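Structure data (mmCIF, C-alpha atoms) from structure-v7.cif:
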data_upload
#
loop_
_atom_site.group_PDB
_atom_site.id
_atom_site.type_symbol
_atom_site.label_atom_id
_atom_site.label_comp_id
_atom_site.auth_asym_id
_atom_site.auth_seq_id
_atom_site.Cartn_x
_atom_site.Cartn_y
_atom_site.Cartn_z
ATOM 1 C CA MET A 564 148.032 -21.542 138.483
ATOM 2 C CA GLY A 565 150.752 -23.870 137.191
ATOM 3 C CA ILE A 566 154.139 -22.790 135.829
ATOM 4 C CA TYR A 567 153.067 -23.328 132.200
ATOM 5 C CA ASP A 568 150.069 -21.040 132.738
ATOM 6 C CA LEU A 569 152.336 -18.401 134.275
ATOM 7 C CA VAL A 570 154.684 -18.627 131.280
ATOM 8 C CA LEU A 571 151.710 -18.028 128.966
ATOM 9 C CA LYS A 572 150.521 -15.110 131.100
ATOM 10 C CA ASN A 573 153.999 -13.565 131.355
ATOM 11 C CA ARG A 574 154.218 -11.421 128.218
ATOM 12 C CA SER A 575 156.156 -8.237 127.500
ATOM 13 C CA TYR A 576 153.602 -5.595 128.433
ATOM 14 C CA ARG A 577 154.049 -2.007 127.348
ATOM 15 C CA SER A 578 150.846 -0.382 128.611
ATOM 16 C CA PHE A 579 149.738 -0.336 132.232
ATOM 17 C CA ASP A 580 146.990 0.830 134.566
ATOM 18 C CA ALA A 581 148.767 3.856 136.023
ATOM 19 C CA ALA A 582 146.244 3.973 138.896
ATOM 20 C CA HIS A 583 147.391 0.577 140.212
ATOM 21 C CA ALA A 584 150.305 1.054 142.598
ATOM 22 C CA VAL A 585 152.828 -1.748 142.939
ATOM 23 C CA THR A 586 154.045 -1.831 146.517
ATOM 24 C CA GLU A 587 157.574 -1.944 147.850
ATOM 25 C CA GLU A 588 156.605 -5.117 149.700
ATOM 26 C CA GLU A 589 155.658 -6.782 146.404
ATOM 27 C CA LEU A 590 158.968 -5.729 144.837
ATOM 28 C CA ARG A 591 160.886 -7.037 147.853
ATOM 29 C CA THR A 592 159.045 -10.368 147.521
ATOM 30 C CA PHE A 593 160.071 -10.554 143.858
ATOM 31 C CA VAL A 594 163.703 -9.781 144.707
ATOM 32 C CA GLU A 595 163.631 -12.380 147.498
ATOM 33 C CA ALA A 596 162.681 -15.000 144.914
ATOM 34 C CA ALA A 597 165.509 -13.838 142.626
ATOM 35 C CA ARG A 598 167.951 -13.881 145.550
ATOM 36 C CA ILE A 599 167.593 -17.627 145.997
ATOM 37 C CA CYS A 600 167.881 -18.464 142.271
ATOM 38 C CA PRO A 601 170.910 -20.293 140.902
ATOM 39 C CA SER A 602 173.970 -18.141 140.211
ATOM 40 C CA ALA A 603 177.067 -19.021 138.150
ATOM 41 C CA ALA A 604 179.728 -20.364 140.548
ATOM 42 C CA ASN A 605 177.321 -19.103 143.252
ATOM 43 C CA ARG A 606 179.032 -15.687 143.061
ATOM 44 C CA GLN A 607 175.718 -13.782 143.335
ATOM 45 C CA PRO A 608 176.911 -10.555 141.667
ATOM 46 C CA LEU A 609 173.449 -9.073 141.148
ATOM 47 C CA ARG A 610 172.068 -6.165 143.119
ATOM 48 C CA TYR A 611 168.520 -4.835 142.801
ATOM 49 C CA ARG A 612 167.179 -1.298 143.035
ATOM 50 C CA PRO A 613 163.395 -1.399 143.542
ATOM 51 C CA CYS A 614 161.549 1.706 142.353
ATOM 52 C CA CYS A 615 157.876 2.229 143.193
ATOM 53 C CA THR A 616 157.478 5.879 144.073
ATOM 54 C CA PRO A 617 156.388 8.444 141.479
ATOM 55 C CA GLU A 618 159.690 10.237 142.113
ATOM 56 C CA ASP A 619 161.743 7.135 141.339
ATOM 57 C CA MET A 620 159.716 6.338 138.229
ATOM 58 C CA LYS A 621 160.313 9.891 136.944
ATOM 59 C CA LYS A 622 164.029 9.119 137.255
ATOM 60 C CA VAL A 623 163.785 5.764 135.465
ATOM 61 C CA LEU A 624 161.304 6.104 132.591
ATOM 62 C CA PRO A 625 162.964 8.968 130.664
ATOM 63 C CA HIS A 626 166.076 6.825 130.244
ATOM 64 C CA THR A 627 164.251 3.849 128.671
ATOM 65 C CA LYS A 628 163.602 2.933 125.037
ATOM 66 C CA TRP A 629 160.675 0.611 124.316
ATOM 67 C CA ALA A 630 159.602 -1.597 121.391
ATOM 68 C CA ALA A 631 162.112 -0.750 118.671
ATOM 69 C CA ALA A 632 160.101 -2.858 116.210
ATOM 70 C CA LEU A 633 157.162 -0.437 116.523
ATOM 71 C CA PRO A 634 158.623 2.984 115.658
ATOM 72 C CA LYS A 635 155.194 4.539 114.938
ATOM 73 C CA TRP A 636 153.965 3.808 118.460
ATOM 74 C CA HIS A 637 155.007 5.527 121.692
ATOM 75 C CA PHE A 638 155.556 3.290 124.717
ATOM 76 C CA PRO A 639 154.439 3.360 127.327
ATOM 77 C CA PRO A 640 151.464 5.431 126.153
ATOM 78 C CA GLU A 641 151.021 8.652 128.090
ATOM 79 C CA GLY A 642 148.944 7.936 131.198
ATOM 80 C CA HIS A 643 149.684 4.194 130.947
ATOM 81 C CA GLU A 644 153.142 4.049 132.492
ATOM 82 C CA PRO A 645 154.271 1.221 134.774
ATOM 83 C CA THR A 646 154.124 2.169 138.443
ATOM 84 C CA ALA A 647 157.241 0.254 139.440
ATOM 85 C CA ALA A 648 160.554 -1.006 138.186
ATOM 86 C CA ILE A 649 163.448 -3.086 139.384
ATOM 87 C CA VAL A 650 166.849 -2.030 138.116
ATOM 88 C CA ILE A 651 169.133 -5.068 138.069
ATOM 89 C CA CYS A 652 172.783 -4.166 138.551
ATOM 90 C CA HIS A 653 176.062 -6.069 138.341
ATOM 91 C CA ASP A 654 178.290 -5.522 141.383
ATOM 92 C CA LYS A 655 181.807 -5.077 139.980
ATOM 93 C CA THR A 656 183.342 -5.724 143.409
ATOM 94 C CA VAL A 657 182.100 -9.319 143.144
ATOM 95 C CA ASN A 658 183.428 -9.724 139.600
ATOM 96 C CA PRO A 659 184.829 -6.857 137.488
ATOM 97 C CA ALA A 660 183.646 -8.473 134.216
ATOM 98 C CA GLU A 661 179.991 -7.453 133.813
ATOM 99 C CA ASN A 662 179.341 -9.890 130.962
ATOM 100 C CA THR A 663 179.853 -12.841 133.326
ATOM 101 C CA SER A 664 176.467 -12.244 134.955
ATOM 102 C CA ALA A 665 174.314 -12.490 131.810
ATOM 103 C CA THR A 666 172.930 -15.924 132.697
ATOM 104 C CA ASP A 667 172.214 -14.816 136.261
ATOM 105 C CA VAL A 668 170.377 -11.748 134.953
ATOM 106 C CA GLY A 669 168.172 -13.884 132.680
ATOM 107 C CA ILE A 670 167.312 -16.317 135.454
ATOM 108 C CA ALA A 671 166.544 -13.526 137.935
ATOM 109 C CA ALA A 672 164.508 -11.455 135.475
ATOM 110 C CA GLN A 673 162.340 -14.360 134.346
ATOM 111 C CA THR A 674 161.796 -15.452 137.954
ATOM 112 C CA ILE A 675 160.712 -11.948 138.967
ATOM 113 C CA LEU A 676 158.308 -11.587 136.044
ATOM 114 C CA LEU A 677 156.773 -15.033 136.573
ATOM 115 C CA LEU A 678 156.132 -14.151 140.207
ATOM 116 C CA ALA A 679 154.719 -10.785 139.139
ATOM 117 C CA ALA A 680 152.320 -12.677 136.832
ATOM 118 C CA GLU A 681 151.237 -14.807 139.776
ATOM 119 C CA PHE A 682 150.463 -11.554 141.641
ATOM 120 C CA GLY A 683 148.268 -10.375 138.722
ATOM 121 C CA LEU A 684 150.946 -7.989 137.467
ATOM 122 C CA GLY A 685 153.041 -7.898 134.329
ATOM 123 C CA GLY A 686 156.177 -6.323 133.063
ATOM 124 C CA CYS A 687 158.712 -5.764 130.364
ATOM 125 C CA MET A 688 162.443 -6.459 130.298
ATOM 126 C CA ILE A 689 164.163 -3.326 129.047
ATOM 127 C CA GLY A 690 167.717 -3.707 127.873
ATOM 128 C CA SER A 691 167.760 -0.520 125.821
ATOM 129 C CA PHE A 692 168.324 2.317 128.254
ATOM 130 C CA ASP A 693 170.803 5.031 129.191
ATOM 131 C CA ARG A 694 172.918 3.193 131.758
ATOM 132 C CA ALA A 695 174.916 6.231 132.847
ATOM 133 C CA GLY A 696 171.750 8.332 133.182
ATOM 134 C CA ILE A 697 169.999 5.704 135.299
ATOM 135 C CA ALA A 698 173.053 5.264 137.533
ATOM 136 C CA LYS A 699 173.338 9.020 138.043
ATOM 137 C CA ASP A 700 169.650 9.753 138.611
ATOM 138 C CA LEU A 701 169.206 6.841 141.043
ATOM 139 C CA GLY A 702 172.460 7.679 142.844
ATOM 140 C CA LEU A 703 173.954 4.232 142.286
ATOM 141 C CA ALA A 704 177.437 3.615 143.625
ATOM 142 C CA GLU A 705 180.188 3.466 140.983
ATOM 143 C CA HIS A 706 180.698 -0.273 141.441
ATOM 144 C CA LEU A 707 177.052 -1.003 140.507
ATOM 145 C CA ALA A 708 176.509 -1.279 136.749
ATOM 146 C CA PRO A 709 172.843 -1.270 135.659
ATOM 147 C CA VAL A 710 172.309 -4.123 133.185
ATOM 148 C CA LEU A 711 168.525 -4.573 132.891
ATOM 149 C CA ILE A 712 165.357 -2.768 133.902
ATOM 150 C CA LEU A 713 162.163 -4.637 134.690
ATOM 151 C CA ALA A 714 159.166 -2.333 134.263
ATOM 152 C CA ILE A 715 156.314 -3.681 136.405
ATOM 153 C CA GLY A 716 152.661 -2.781 136.734
ATOM 154 C CA LYS A 717 149.101 -3.897 136.143
ATOM 155 C CA PRO A 718 148.838 -4.545 132.376
ATOM 156 C CA ASP A 719 145.988 -2.864 130.532
ATOM 157 C CA GLU A 720 146.611 -4.214 127.060
ATOM 158 C CA THR A 721 145.961 -7.424 125.164
ATOM 159 C CA VAL A 722 148.891 -9.531 123.993
ATOM 160 C CA VAL A 723 148.179 -12.449 121.653
ATOM 161 C CA LEU A 724 150.592 -15.269 120.877
ATOM 162 C CA GLU A 725 150.489 -16.654 117.350
ATOM 163 C CA THR A 726 152.389 -19.418 115.598
ATOM 164 C CA ALA A 727 154.627 -18.150 112.817
ATOM 165 C CA GLY A 728 154.762 -20.303 109.737
ATOM 166 C CA LYS A 729 158.111 -21.631 108.604
ATOM 167 C CA GLY A 730 160.101 -18.729 107.167
ATOM 168 C CA GLU A 731 157.557 -16.106 108.320
ATOM 169 C CA SER A 732 158.564 -13.048 110.295
ATOM 170 C CA THR A 733 158.661 -13.239 114.084
ATOM 171 C CA THR A 734 158.576 -9.454 114.456
ATOM 172 C CA TYR A 735 155.828 -8.440 116.859
ATOM 173 C CA PHE A 736 153.194 -5.965 115.653
ATOM 174 C CA ARG A 737 150.055 -4.093 116.693
ATOM 175 C CA ASP A 738 146.799 -4.194 114.806
ATOM 176 C CA ASP A 739 144.561 -1.168 114.261
ATOM 177 C CA LYS A 740 142.787 -1.878 117.578
ATOM 178 C CA GLY A 741 146.075 -1.758 119.494
ATOM 179 C CA VAL A 742 146.205 -5.510 120.141
ATOM 180 C CA HIS A 743 149.818 -6.655 120.412
ATOM 181 C CA HIS A 744 150.591 -9.770 118.320
ATOM 182 C CA VAL A 745 153.654 -11.903 119.060
ATOM 183 C CA PRO A 746 154.518 -14.560 116.449
ATOM 184 C CA LYS A 747 156.380 -17.544 117.937
ATOM 185 C CA ARG A 748 158.124 -20.228 115.943
ATOM 186 C CA ALA A 749 156.352 -23.609 115.889
ATOM 187 C CA LEU A 750 157.703 -26.399 118.082
ATOM 188 C CA THR A 751 158.500 -28.442 114.959
ATOM 189 C CA ASP A 752 160.679 -25.560 113.706
ATOM 190 C CA ILE A 753 162.829 -25.302 116.820
ATOM 191 C CA LEU A 754 163.421 -28.957 117.648
ATOM 192 C CA ILE A 755 166.617 -30.345 116.108
#
As structure tokens, how would this structure be written, given the file I've shared?
Amino acid sequence: MGIYDLVLKNRSYRSFDAAHAVTEEELRTFVEAARICPSAANRQPLRYRPCCTPEDMKKVLPHTKWAAALPKWHFPPEGHEPTAAIVICHDKTVNPAENTSATDVGIAAQTILLLAAEFGLGGCMIGSFDRAGIAKDLGLAEHLAPVLILAIGKPDETVVLETAGKGESTTYFRDDKGVHHVPKRALTDILI
């Protein structure tokens, strides 16, 4: 599978096959790929907390907020939770200013999720979560600031990309069959 195919396959999934366990070895492989990614000034301030046990996931999931654009839906649906997560943290001993690692976080997160797609998995980047609660429940050291959660599992939903017409909404939505629709701007609308 080529990189373009992986990009198409790598969607934000919010419903998973809860019977499919993601292994610690898989998570370590994903973090290994992120470890060798470019980093601003090569500082490498990111630290990763893999979570793949039911106990860890019970500590992570209650602190997350999913799909703000779909307030009538509950995500993940009960019984369709992801079986793993990677909590990406900024190490303040490397650089006290957390906002300096935003580019690194984006590069690492996309790399991890593309590799997960290659493994037949999927995920969702979650930026809306209780940072203090996650840090406390996972026992993170004070110098590690959680900045992004990657929920990972075997997707069990359909996500469809659509081209939004000029001036049309790009807000994602679900139809009455639960299919997730993601409008994307046309190439002609984003080239300048």
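Using only C-alpha atoms for every distance, the candidate list A:Thr721, A:Leu707, A:Phe736, A:Pro617 yields A:Pro617 as the residue closest to Thr586 (chain A).
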In Å, rounded to a single decimal, give me how far CA of Val623 (chain A) is from CA of Ala647 (chain A).
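So the two atoms, CA of Ala647 (chain A) and CA of Val623 (chain A), lie 9.4 Å apart.
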Quick check, in Å to one decimal: how far apart do CA of Tyr567 (chain A) and CA of Leu724 (chain A) lie?
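Answer for the CA of Tyr567 (chain A) to CA of Leu724 (chain A) separation: 14.1 Å.
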Show which residues sit within 7 Å of Tyr735 (chain A), as an MDAnalysis selection string. Count only C-alpha atoms, and ignore same-chain residues fewer than 3 positions away.
chainID A and resid 744:746
Kindly assemble as CSV a list of the region 598-659 of chain A residues that lie within 12 Å of region 675-689 of chain A, each paired with its nearest atom pair and their distance in Å to one decimal, using all atoms listed in the file, sorted first by chain and then by ascending residue number.
residue,atom,partner,partner_atom,distance
A:Arg598,CA,A:Ile675,CA,10.0
A:Ile599,CA,A:Ile675,CA,11.4
A:Cys600,CA,A:Ile675,CA,10.2
A:Tyr611,CA,A:Ile675,CA,11.2
A:Pro613,CA,A:Ile675,CA,11.8
A:Val623,CA,A:Ile689,CA,11.1
A:Leu624,CA,A:Ile689,CA,10.5
A:His626,CA,A:Ile689,CA,10.4
A:Thr627,CA,A:Ile689,CA,7.2
A:Lys628,CA,A:Ile689,CA,7.5
A:Trp629,CA,A:Ile689,CA,7.1
A:Ala630,CA,A:Ile689,CA,9.1
A:Ala631,CA,A:Ile689,CA,10.9
A:Phe638,CA,A:Cys687,CA,11.1
A:Pro639,CA,A:Cys687,CA,10.5
A:Glu644,CA,A:Gly686,CA,10.8
A:Pro645,CA,A:Gly686,CA,8.0
A:Thr646,CA,A:Gly686,CA,10.3
A:Ala647,CA,A:Gly686,CA,9.2
A:Ala648,CA,A:Gly686,CA,8.6
A:Ile649,CA,A:Ile675,CA,9.3
A:Val650,CA,A:Ile689,CA,9.5
A:Ile651,CA,A:Met688,CA,10.3
Nearest residue to Gly716 (chain A) out of A:Leu571, A:Ala604, A:Met620, A:Leu633, using all atoms listed in the file?
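Looking only at the distances to Gly716 (chain A), the closest residue turns out to be A:Met620.
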Determine the axis-aligned bounding box of all atoms of region 745-749 of chain A present in the file, pad each side by 8 Å, and express its centre and edge lengths in Å to one decimal place as lines of an AutoDock Vina configuration file.
center_x = 155.9
center_y = -17.8
center_z = 117.5
size_x = 20.5
size_y = 27.7
size_z = 19.2
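CA of Glu588 (chain A) to CA of Thr616 (chain A) spans 12.4 Å [interatomic distance, one decimal].
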May I have the residues within 9 Å of Ala695 (chain A) as a short mmCIF file (atom, residue, chain, number, x, y, z; two decimals) with C-alpha atoms, in the coordinates of the input, using all atoms listed in the file and disregarding those fewer than 4 positions away in the same chain?
data_model
loop_
_atom_site.label_atom_id
_atom_site.label_comp_id
_atom_site.auth_asym_id
_atom_site.auth_seq_id
_atom_site.Cartn_x
_atom_site.Cartn_y
_atom_site.Cartn_z
CA LYS A 699 173.34 9.02 138.04
CA ASP A 700 169.65 9.75 138.61
CA ALA A 708 176.51 -1.28 136.75
CA PRO A 709 172.84 -1.27 135.66
#
Which residues come within 10 Å of Val710 (chain A), counting only C-alpha atoms, excluding same-chain residues fewer than 2 positions away, as a PyMOL selection string?
chain A and resi 609+650-653+661-662+664-665+668+689-692+694+707-708+712
May I have the residues within 8 Å of region 727-731 of chain A as a VMD selection string, using all atoms listed in the file and disregarding those fewer than 2 positions away in the same chain?
chain A and resid 725 733 746 to 749 752
Determine the nearest neighbour of Arg737 (chain A) from the options A:Thr674, A:Ala596, A:Ser578, A:Trp636, counting only C-alpha atoms.
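Closest residue, counting only C-alpha atoms: A:Trp636.
Counting only C-alpha atoms, the residue from A:Thr734, A:Asn605, A:Gln673, A:Asn658 that sits nearest to Leu711 (chain A) is A:Gln673.
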Find the residue from A:Asp738, A:Glu595, A:Asp719, A:Asp693 that sits nearest to Ala581 (chain A); use only C-alpha atoms when measuring.
A:Asp719
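For the set A:Leu713, A:Val594, A:Ala584, A:Val657, the residue with the smallest atom-to-atom gap to Arg606 (chain A) is A:Val657, counting only C-alpha atoms.
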Given the PyMOL selection byres ((chain A and resi 720) around 10), the residues it picks as a list in words
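This file, filtered by the PyMOL selection byres ((chain A and resi 720) around 10), leaves Tyr576, Arg577, Ser578, Phe579, Asp580, His643, Lys717, Pro718, Asp719, Thr721, Val722, Val723, Gly741, Val742 and His743 of chain A.
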